[in-house]
>>> print(open('run-v6.txt').read())   # compact mmCIF, C-alpha atoms
# COMPACT_ATOMS: atom_id res chain seq x y z
CA MET A 216 13.21 -58.03 -18.88
CA MET A 217 13.20 -61.33 -20.44
CA THR A 218 9.98 -62.27 -20.81
CA ALA A 219 7.36 -62.19 -21.57
CA ASP A 220 5.53 -65.01 -22.12
CA ASN A 221 3.29 -63.04 -19.90
CA VAL A 222 4.70 -59.76 -18.88
CA LEU A 223 3.60 -58.40 -15.61
CA ASP A 224 4.45 -54.74 -15.52
CA GLY A 225 3.90 -51.66 -17.58
CA ASN A 226 7.49 -51.46 -18.87
CA ALA A 227 6.51 -53.98 -21.52
CA ALA A 228 3.72 -51.74 -22.84
CA ALA A 229 6.36 -49.34 -24.17
CA GLY A 230 6.62 -50.95 -27.60
CA PRO A 231 2.89 -51.17 -28.37
CA LEU A 232 2.40 -47.57 -27.18
CA LEU A 233 5.26 -46.41 -29.43
CA GLU A 234 3.17 -47.61 -32.36
CA ILE A 235 0.84 -44.71 -31.63
CA PHE A 236 2.71 -42.09 -29.60
CA SER A 237 6.03 -40.48 -30.45
CA VAL A 238 7.07 -40.14 -26.80
CA ASP A 239 7.53 -43.00 -24.37
CA LEU A 240 4.39 -43.12 -22.26
CA THR A 241 5.64 -45.72 -19.78
CA ALA A 242 7.83 -43.07 -18.11
CA ALA A 243 4.80 -40.78 -17.78
CA HIS A 244 3.09 -40.59 -14.40
CA GLY A 245 -0.61 -41.28 -14.37
CA ARG A 246 -3.27 -40.79 -11.73
CA CYS A 247 -5.72 -43.59 -11.13
CA ASP A 248 -9.20 -42.12 -11.46
CA GLU A 249 -10.50 -44.67 -8.97
CA CYS A 250 -8.11 -44.46 -5.99
CA GLY A 251 -5.97 -41.44 -6.80
CA ARG A 252 -2.66 -43.26 -6.75
CA VAL A 253 -0.02 -41.65 -8.96
CA CYS A 254 2.77 -43.71 -10.47
CA ALA A 255 4.71 -44.24 -13.67
CA LEU A 256 2.88 -46.38 -16.20
CA ALA A 257 5.99 -48.59 -16.12
CA GLU A 258 5.13 -49.50 -12.52
CA THR A 259 1.59 -50.64 -13.23
CA VAL A 260 0.33 -54.18 -13.73
CA LEU A 261 0.10 -55.28 -17.34
CA TYR A 262 -2.06 -58.07 -18.73
CA ASN A 263 -1.20 -58.89 -22.29
CA HIS A 264 -3.10 -62.12 -22.82
CA ALA A 265 -6.35 -60.33 -23.52
CA PRO A 266 -6.92 -59.40 -27.18
CA GLY A 267 -4.81 -56.35 -26.53
CA LEU A 268 -3.21 -54.75 -23.50
CA VAL A 269 -4.83 -53.98 -20.19
CA ILE A 270 -3.00 -51.85 -17.65
CA ARG A 271 -4.28 -51.89 -14.09
CA CYS A 272 -3.54 -49.77 -11.04
CA VAL A 273 -1.06 -51.37 -8.60
CA GLY A 274 -3.02 -49.85 -5.72
CA CYS A 275 -6.64 -50.79 -6.42
CA ASP A 276 -6.53 -52.95 -9.56
CA ALA A 277 -8.81 -50.58 -11.51
CA VAL A 278 -8.33 -50.59 -15.27
CA LEU A 279 -6.24 -47.56 -16.27
CA LEU A 280 -5.64 -48.15 -19.96
CA ARG A 281 -6.77 -50.55 -22.64
CA LEU A 282 -5.21 -50.79 -26.07
CA VAL A 283 -6.29 -52.98 -28.94
CA ASP A 284 -4.34 -52.68 -32.19
CA ASN A 285 -5.11 -54.85 -35.20
CA GLY A 286 -2.40 -53.33 -37.36
CA THR A 287 -4.66 -51.08 -39.38
CA ARG A 288 -6.66 -49.49 -36.58
CA ALA A 289 -6.08 -49.04 -32.87
CA TRP A 290 -8.55 -48.47 -30.03
CA LEU A 291 -7.27 -46.75 -26.90
CA ASP A 292 -9.35 -46.41 -23.74
CA LEU A 293 -7.88 -44.09 -21.10
CA ARG A 294 -11.00 -43.71 -18.97
CA GLY A 295 -9.27 -45.00 -15.85
CA LEU A 296 -6.68 -42.22 -15.81
CA SER A 297 -7.49 -38.76 -14.45
CA TYR A 298 -4.36 -37.44 -16.11
CA LEU A 299 -0.96 -38.32 -17.51
CA GLN A 300 2.06 -36.19 -16.66
CA ILE A 301 4.53 -36.47 -19.53
CA ASP A 302 8.06 -35.18 -19.08
CA ARG A 303 9.10 -33.48 -22.29
CA ALA A 304 12.40 -34.54 -23.82
CA GLN A 305 15.19 -32.20 -22.79
CA MET B 91 7.41 -46.65 -34.43
CA SER B 92 6.67 -50.09 -35.73
CA PHE B 93 8.59 -53.27 -36.43
CA SER B 94 11.73 -53.18 -38.58
CA PRO B 95 13.45 -56.10 -40.28
CA ALA B 96 16.47 -57.45 -38.41
CA VAL B 97 19.12 -60.01 -39.26
CA VAL B 98 20.88 -62.19 -36.73
CA SER B 99 24.56 -61.37 -37.23
CA ALA B 100 26.14 -63.29 -34.35
CA VAL B 101 25.16 -65.77 -31.64
CA ARG B 102 27.03 -66.54 -28.44
CA ALA B 103 26.20 -69.10 -25.78
CA GLU B 104 26.02 -67.62 -22.27
CA THR B 105 24.88 -70.60 -20.19
CA ASP B 106 23.33 -73.99 -20.98
CA ASN B 107 20.01 -72.27 -21.16
CA SER B 108 20.68 -68.88 -22.63
CA ARG B 109 22.27 -67.15 -25.56
CA THR B 110 23.15 -63.66 -26.71
CA LEU B 111 22.09 -62.65 -30.21
CA THR B 112 23.49 -59.68 -32.10
CA LEU B 113 20.86 -58.17 -34.37
CA ASP B 114 21.50 -55.89 -37.31
CA VAL B 115 18.74 -53.36 -37.92
CA ASP B 116 19.04 -50.77 -40.68
CA GLY B 117 19.11 -47.29 -39.19
CA TRP B 118 19.24 -48.54 -35.59
CA PRO B 119 19.29 -45.30 -33.55
CA GLY B 120 21.15 -46.66 -30.53
CA HIS B 121 19.63 -47.14 -27.10
CA LEU B 122 19.80 -46.19 -23.45
CA ALA B 123 21.01 -48.74 -20.92
CA GLY B 124 17.98 -50.57 -19.53
CA GLN B 125 15.79 -50.34 -22.62
CA HIS B 126 14.31 -53.35 -24.37
CA VAL B 127 13.15 -54.41 -27.79
CA ASP B 128 10.08 -56.33 -28.85
CA ILE B 129 10.91 -59.22 -31.16
CA ARG B 130 8.27 -60.53 -33.57
CA LEU B 131 8.46 -63.93 -35.18
CA THR B 132 6.12 -64.84 -38.02
CA ALA B 133 5.41 -68.46 -38.92
CA GLU B 134 4.85 -69.64 -42.49
CA ASP B 135 1.11 -69.68 -41.90
CA GLY B 136 1.17 -66.05 -40.80
CA TYR B 137 0.89 -66.72 -37.06
CA THR B 138 2.91 -64.15 -35.13
CA ALA B 139 4.31 -64.02 -31.62
CA VAL B 140 5.81 -60.97 -29.94
CA ARG B 141 8.05 -60.98 -26.86
CA SER B 142 10.10 -58.34 -25.08
CA TYR B 143 13.83 -58.79 -24.45
CA SER B 144 16.17 -56.50 -22.59
CA ILE B 145 19.09 -55.09 -24.49
CA ALA B 146 22.37 -56.38 -23.04
CA SER B 147 24.89 -54.29 -24.95
CA SER B 148 26.46 -51.05 -23.86
CA ALA B 149 24.73 -47.85 -24.90
CA ASP B 150 28.13 -46.73 -26.16
CA SER B 151 28.54 -49.66 -28.51
CA LYS B 152 25.61 -48.86 -30.82
CA ALA B 153 25.28 -52.62 -31.25
CA LEU B 154 21.99 -54.31 -30.52
CA GLU B 155 22.50 -57.45 -28.46
CA VAL B 156 19.83 -59.28 -26.52
CA THR B 157 20.39 -62.12 -24.08
CA VAL B 158 17.57 -64.64 -24.08
CA ASP B 159 16.87 -67.22 -21.41
CA LYS B 160 14.93 -70.24 -22.58
CA LEU B 161 11.57 -70.57 -20.90
CA VAL B 162 9.95 -73.95 -20.49
CA ASP B 163 6.92 -74.01 -22.81
CA GLY B 164 7.98 -70.66 -24.32
CA GLU B 165 6.85 -69.88 -27.84
CA VAL B 166 9.69 -67.60 -28.83
CA SER B 167 12.65 -68.17 -26.49
CA PRO B 168 13.33 -71.83 -27.53
CA TYR B 169 13.77 -70.67 -31.11
CA LEU B 170 16.02 -67.77 -30.12
CA VAL B 171 18.16 -69.94 -27.83
CA ASP B 172 18.27 -73.22 -29.77
CA GLY B 173 17.17 -72.48 -33.29
CA ALA B 174 18.16 -69.06 -34.56
CA ASP B 175 21.25 -68.93 -36.74
CA VAL B 176 23.41 -66.23 -38.23
CA GLY B 177 21.57 -64.83 -41.24
CA ASP B 178 18.08 -65.56 -39.88
CA ARG B 179 15.55 -62.79 -40.23
CA LEU B 180 13.08 -61.54 -37.66
CA GLU B 181 11.49 -58.23 -36.73
CA VAL B 182 12.36 -55.78 -34.01
CA ARG B 183 10.51 -52.84 -32.47
CA GLY B 184 12.45 -50.42 -30.30
CA PRO B 185 14.41 -49.31 -28.46
CA ALA B 186 11.48 -49.14 -26.05
CA GLY B 187 11.02 -48.01 -22.47
CA GLY B 188 12.03 -44.71 -20.92
CA TRP B 189 11.56 -45.53 -17.24
CA PHE B 190 13.88 -48.37 -16.30
CA VAL B 191 16.93 -46.67 -17.82
CA TRP B 192 20.25 -45.34 -16.60
CA PRO B 193 20.98 -42.33 -18.82
CA GLY B 194 24.56 -42.01 -17.60
CA THR B 195 24.33 -38.28 -17.20
CA ASP B 196 25.16 -37.88 -13.52
CA ASP B 197 27.44 -39.29 -10.85
CA ARG B 198 24.87 -40.35 -8.28
CA PRO B 199 25.46 -43.79 -6.77
CA VAL B 200 23.53 -46.57 -8.47
CA GLN B 201 22.54 -49.83 -6.83
CA LEU B 202 21.57 -52.62 -9.20
CA ILE B 203 19.78 -55.72 -7.91
CA GLY B 204 19.13 -58.59 -10.28
CA GLY B 205 17.44 -61.93 -9.82
CA GLY B 206 18.27 -64.66 -12.35
CA SER B 207 17.91 -63.43 -15.92
CA GLY B 208 16.86 -60.04 -14.53
CA ILE B 209 20.57 -59.24 -14.74
CA VAL B 210 20.34 -58.44 -18.47
CA PRO B 211 19.24 -54.78 -18.43
CA LEU B 212 21.52 -54.20 -15.42
CA MET B 213 24.44 -55.60 -17.43
CA ALA B 214 23.73 -53.01 -20.13
CA MET B 215 24.04 -50.37 -17.39
CA ILE B 216 27.30 -51.85 -16.07
CA ARG B 217 28.77 -52.05 -19.57
CA SER B 218 27.68 -48.51 -20.37
CA HIS B 219 29.11 -47.26 -17.09
CA GLY B 220 32.44 -48.95 -17.83
CA ASP B 221 32.65 -47.99 -21.50
CA ALA B 222 31.87 -44.36 -20.74
CA GLY B 223 34.45 -44.24 -17.94
CA SER B 224 31.74 -43.06 -15.56
CA THR B 225 32.84 -42.36 -12.02
CA ALA B 226 29.36 -42.84 -10.58
CA PRO B 227 29.64 -45.43 -7.78
CA PHE B 228 27.99 -48.60 -9.08
CA ARG B 229 27.12 -51.63 -7.05
CA LEU B 230 25.49 -54.86 -8.23
CA LEU B 231 23.82 -57.50 -6.13
CA TYR B 232 23.12 -60.54 -8.28
CA SER B 233 20.98 -63.31 -6.85
CA VAL B 234 21.35 -66.46 -8.90
CA ARG B 235 21.13 -70.20 -8.44
CA SER B 236 24.73 -71.22 -9.24
CA PRO B 237 27.90 -70.11 -11.02
CA THR B 238 26.95 -72.08 -14.11
CA SER B 239 23.54 -70.44 -14.36
CA ALA B 240 24.93 -66.95 -13.72
CA LEU B 241 24.94 -64.80 -16.84
CA TYR B 242 28.16 -62.89 -17.61
CA PHE B 243 29.92 -64.40 -14.57
CA ALA B 244 33.49 -64.06 -15.90
CA GLU B 245 32.88 -60.59 -17.30
CA LEU B 246 31.36 -59.38 -14.03
CA MET B 247 34.33 -60.70 -12.04
CA ARG B 248 36.74 -59.03 -14.44
CA ARG B 249 34.91 -55.71 -14.50
CA ALA B 250 34.71 -55.65 -10.70
CA VAL B 251 38.49 -56.04 -10.53
CA ASP B 252 39.28 -53.56 -13.30
CA ASP B 253 36.85 -50.79 -12.36
CA GLU B 254 37.31 -49.11 -9.01
CA HIS B 255 33.83 -47.59 -9.34
CA LEU B 256 32.09 -50.96 -9.60
CA ARG B 257 31.45 -53.42 -6.83
CA VAL B 258 29.79 -56.77 -7.48
CA ASP B 259 28.18 -59.02 -4.86
CA PHE B 260 26.66 -62.40 -5.61
CA ALA B 261 24.02 -64.20 -3.64
CA PHE B 262 24.25 -67.81 -4.85
CA THR B 263 21.07 -69.52 -3.77
CA ARG B 264 21.91 -73.20 -4.46
CA GLU B 265 25.58 -73.63 -5.25
CA THR B 266 28.66 -71.41 -4.98
CA PRO B 267 31.97 -71.50 -6.82
CA PRO B 268 34.69 -73.53 -5.03
CA ASP B 269 36.17 -71.74 -2.00
CA TRP B 270 33.52 -69.04 -2.07
CA PRO B 271 33.55 -67.08 1.20
CA THR B 272 29.85 -67.53 1.91
CA PRO B 273 27.70 -70.67 1.68
CA PRO B 274 24.64 -70.75 -0.62
CA HIS B 275 21.86 -68.61 0.76
CA ARG B 276 18.64 -66.99 -0.27
CA LEU B 277 18.45 -63.25 -0.16
CA THR B 278 16.74 -62.08 3.00
CA ARG B 279 15.95 -58.72 4.51
CA ASP B 280 19.24 -58.86 6.48
CA THR B 281 21.55 -60.15 3.78
CA LEU B 282 20.07 -57.59 1.41
CA GLU B 283 20.90 -54.72 3.74
CA GLU B 284 24.51 -55.91 4.05
CA SER B 285 24.97 -55.90 0.29
CA VAL B 286 23.50 -52.58 -0.84
CA TYR B 287 24.17 -48.89 -0.29
CA PRO B 288 22.64 -47.54 2.92
CA PRO B 289 19.84 -44.96 2.67
CA GLU B 290 22.17 -42.06 3.52
CA ASP B 291 24.09 -42.65 0.27
CA MET B 292 20.98 -41.55 -1.67
CA ALA B 293 21.54 -44.21 -4.31
CA GLU B 294 19.17 -44.81 -7.16
CA PHE B 295 17.96 -48.42 -7.26
CA PHE B 296 17.19 -50.59 -10.26
CA ILE B 297 15.67 -53.98 -9.47
CA CYS B 298 14.89 -56.56 -12.14
CA GLY B 299 13.75 -60.13 -11.78
CA SER B 300 10.65 -62.23 -11.31
CA THR B 301 7.65 -60.52 -9.79
CA PRO B 302 8.01 -62.12 -6.32
CA PHE B 303 11.74 -61.33 -6.25
CA VAL B 304 11.25 -57.70 -7.24
CA GLU B 305 8.39 -57.13 -4.83
CA SER B 306 10.16 -58.70 -1.86
CA VAL B 307 13.34 -56.72 -2.47
CA ALA B 308 11.54 -53.43 -3.12
CA ASN B 309 9.46 -53.81 0.05
CA TRP B 310 12.53 -54.60 2.17
CA LEU B 311 14.29 -51.54 0.80
CA VAL B 312 11.37 -49.25 1.57
CA ASP B 313 11.13 -50.74 5.08
CA ALA B 314 14.87 -50.05 5.53
CA GLY B 315 14.31 -46.38 4.77
CA HIS B 316 15.01 -46.09 1.04
CA PRO B 317 12.59 -43.64 -0.59
CA PRO B 318 10.22 -45.39 -3.01
CA GLU B 319 10.77 -42.68 -5.63
CA ARG B 320 14.38 -43.75 -5.97
CA ILE B 321 13.50 -47.39 -6.61
CA LYS B 322 12.78 -48.44 -10.17
CA THR B 323 11.59 -51.93 -10.94
CA GLU B 324 11.09 -54.23 -13.86
CA ARG B 325 9.24 -57.49 -13.36
CA PHE B 326 8.77 -60.46 -15.58
CA GLY B 327 6.63 -63.52 -15.52
CA GLY B 328 7.02 -66.81 -17.24
CA ILE B 329 3.60 -68.10 -18.10
CA GLY B 330 3.19 -69.28 -21.66
CA VAL B 331 0.43 -67.08 -22.97
CA SER B 332 0.61 -65.24 -26.25
CA PRO B 333 -0.46 -61.62 -26.60
>>> encode(input="run-v6.txt", output="structure tokens")
Amino acid sequence: MMTADNVLDGNAAAGPLLEIFSVDLTAAHGRCDECGRVCALAETVLYNHAPGLVIRCVGCDAVLLRLVDNGTRAWLDLRGLSYLQIDRAQ
Amino acid sequence: MSFSPAVVSAVRAETDNSRTLTLDVDGWPGHLAGQHVDIRLTAEDGYTAVRSYSIASSADSKALEVTVDKLVDGEVSPYLVDGADVGDRLEVRGPAGGWFVWPGTDDRPVQLIGGGSGIVPLMAMIRSHGDAGSTAPFRLLYSVRSPTSALYFAELMRRAVDDEHLRVDFAFTRETPPDWPTPPHRLTRDTLEESVYPPEDMAEFFICGSTPFVESVANWLVDAGHPPERIKTERFGGIGVSP
């Protein structure tokens, strides 16, 4: 990746999510609550020019995850995901 | 994990438009091939910009090197390519990303497909594969405009000769080296199939490049019978918008 003046997939959400979670969430598989598609968060569509991050489903474009982090407080909205399957470190 | 201070300890030109920077970070834990870092620059007035860059160095080396391609109208890449000097300070968050990685723990065949500067994380995989003496069959297909815009051209040619487990194919789209066996061509469904492992080899695919490149290639592979679950992708865009 070399990017990112405007990164377009979920791989680039790894850093911001590591601010909050101790495991990498981009390798986790999530189910879109709207269309049921399951894929790694890395494979989703990422918009990072909002005041925060917005991750959308590659299948139906529904919002899966929103993250706003001002450095002292973060807001995380996971409404669009039915679940996240996180592979534990071996 | 948040940002850590980093110092530029070396710079190396790669092409007219790109440069590799070695960054020293206290307590750097090492990385997996394919991971990236986020780099944060802070201006004197406090304005910050964050961009993601793939790590180019071998996972075995413990060094943190990123190769940066200068984007027209970029906010961060022109400084990293033209401005940054040894001793300059910036901030780094990472290593990040656990999906688009080659952990180097098995001997399954690996097919790498890079478009333009999408070669960078794939180069980290090739270097890691070579440094670790891995016997996993590795194959790279690198689609790039010309020899002078190809990153790591000499090193790739050398590694392909030295390492019997690595094969490198180029698809030069505008200009080839002198006496190159094939004329310039764009990658198509057919030329792609000739240059990658067939489905029966059960290779794992890593594709990195611009969004249209990655999507075309991934779709052709799926149409040719490669299972989608063995295809990992990383896309980048180039529009100048700050996060």
>>> closest_atom_pairs(input="run-v6.txt", of="chain B", to="chain A", cutoff="10 Å", atoms="only C-alpha atoms", output="CSV")
residue,atom,partner,partner_atom,distance
B:Met91,CA,A:Glu234,CA,4.8
B:Ser92,CA,A:Glu234,CA,5.5
B:Phe93,CA,A:Glu234,CA,8.8
B:Gly124,CA,A:Met216,CA,8.9
B:Gln125,CA,A:Met216,CA,8.9
B:His126,CA,A:Met216,CA,7.3
B:Val127,CA,A:Gly230,CA,7.4
B:Asp128,CA,A:Gly230,CA,6.5
B:Ile129,CA,A:Gly230,CA,10.0
B:Ala139,CA,A:Asp220,CA,9.6
B:Val140,CA,A:Ala219,CA,8.6
B:Arg141,CA,A:Ala219,CA,5.5
B:Ser142,CA,A:Thr218,CA,5.8
B:Tyr143,CA,A:Met217,CA,4.8
B:Ser144,CA,A:Met216,CA,5.0
B:Ile145,CA,A:Met216,CA,8.6
B:Val156,CA,A:Met217,CA,9.2
B:Thr157,CA,A:Met217,CA,8.1
B:Val158,CA,A:Met217,CA,6.6
B:Asp159,CA,A:Met217,CA,7.0
B:Lys160,CA,A:Met217,CA,9.3
B:Leu161,CA,A:Asp220,CA,8.3
B:Asp163,CA,A:Asp220,CA,9.1
B:Gly164,CA,A:Asp220,CA,6.5
B:Glu165,CA,A:Asp220,CA,7.6
B:Val166,CA,A:Asp220,CA,8.3
B:Ser167,CA,A:Thr218,CA,8.6
B:Val182,CA,A:Gly230,CA,9.9
B:Arg183,CA,A:Gly230,CA,6.5
B:Gly184,CA,A:Gly230,CA,6.4
B:Pro185,CA,A:Gly230,CA,8.0
B:Ala186,CA,A:Gly230,CA,5.4
B:Gly187,CA,A:Ala229,CA,5.1
B:Gly188,CA,A:Ala242,CA,5.3
B:Trp189,CA,A:Ala242,CA,4.6
B:Phe190,CA,A:Asn226,CA,7.5
B:Val191,CA,A:Ala242,CA,9.8
B:Ser207,CA,A:Met217,CA,6.9
B:Gly208,CA,A:Met216,CA,6.0
B:Ile209,CA,A:Met216,CA,8.5
B:Val210,CA,A:Met216,CA,7.2
B:Pro211,CA,A:Met216,CA,6.9
B:Leu212,CA,A:Met216,CA,9.8
B:Cys298,CA,A:Met216,CA,7.1
B:Gly299,CA,A:Met216,CA,7.4
B:Ser300,CA,A:Met216,CA,9.0
B:Thr301,CA,A:Leu223,CA,7.4
B:Glu319,CA,A:Cys254,CA,9.4
B:Lys322,CA,A:Glu258,CA,8.1
B:Thr323,CA,A:Glu258,CA,7.1
B:Glu324,CA,A:Met216,CA,6.6
B:Arg325,CA,A:Asp224,CA,5.9
B:Phe326,CA,A:Val222,CA,5.3
B:Gly327,CA,A:Val222,CA,5.4
B:Gly328,CA,A:Asp220,CA,5.4
B:Ile329,CA,A:Asn221,CA,5.4
B:Gly330,CA,A:Asp220,CA,4.9
B:Val331,CA,A:Asp220,CA,5.6
B:Ser332,CA,A:His264,CA,5.9
B:Pro333,CA,A:His264,CA,4.6
>>> residues_near_point(input="run-v6.txt", point="(17.9, -58.2, -40.1)", cutoff="10 Å", atoms="all atoms listed in the file", output="mmCIF file with C-alpha atoms, keeping the file's coordinate frame")
data_model
loop_
_atom_site.group_PDB
_atom_site.id
_atom_site.type_symbol
_atom_site.label_atom_id
_atom_site.label_comp_id
_atom_site.auth_asym_id
_atom_site.auth_seq_id
_atom_site.Cartn_x
_atom_site.Cartn_y
_atom_site.Cartn_z
ATOM 1 C CA SER B 94 11.730 -53.180 -38.580
ATOM 2 C CA PRO B 95 13.450 -56.100 -40.280
ATOM 3 C CA ALA B 96 16.470 -57.450 -38.410
ATOM 4 C CA VAL B 97 19.120 -60.010 -39.260
ATOM 5 C CA VAL B 98 20.880 -62.190 -36.730
ATOM 6 C CA SER B 99 24.560 -61.370 -37.230
ATOM 7 C CA THR B 112 23.490 -59.680 -32.100
ATOM 8 C CA LEU B 113 20.860 -58.170 -34.370
ATOM 9 C CA ASP B 114 21.500 -55.890 -37.310
ATOM 10 C CA VAL B 115 18.740 -53.360 -37.920
ATOM 11 C CA ASP B 116 19.040 -50.770 -40.680
ATOM 12 C CA VAL B 176 23.410 -66.230 -38.230
ATOM 13 C CA GLY B 177 21.570 -64.830 -41.240
ATOM 14 C CA ASP B 178 18.080 -65.560 -39.880
ATOM 15 C CA ARG B 179 15.550 -62.790 -40.230
ATOM 16 C CA LEU B 180 13.080 -61.540 -37.660
ATOM 17 C CA GLU B 181 11.490 -58.230 -36.730
ATOM 18 C CA VAL B 182 12.360 -55.780 -34.010
#
>>> atom_distance(input="run-v6.txt", atom1="atom CA of B:Arg264", atom2="atom CA of B:Thr238")
10.9 Å
>>> closest_residue(input="run-v6.txt", among="B:Thr110, B:Ser224, B:Ser147, B:Ser218", to="B:Leu170", atoms="only C-alpha atoms")
B:Thr110
>>> atom_distance(input="run-v6.txt", atom1="atom CA of B:His255", atom2="atom CA of B:Phe228")
5.9 Å
>>> axis_aligned_box(input="run-v6.txt", around="stretch 278-283 of chain A", padding_each_side="6 Å", output="JSON")
{"center_x": -6.8, "center_y": -50.3, "center_z": -22.1, "size_x": 15.1, "size_y": 17.4, "size_z": 25.7}
>>> atom_distance(input="run-v6.txt", atom1="atom CA of A:Arg303", atom2="atom CA of B:Thr195")
16.8 Å
>>> residues_near_point(input="run-v6.txt", point="(-3.3, -40.8, -14.4)", cutoff="7 Å", atoms="all atoms listed in the file", output="list in words")
His244, Gly245, Arg246, Cys247, Asp248, Val253, Leu296, Ser297, Tyr298 and Leu299 of chain A
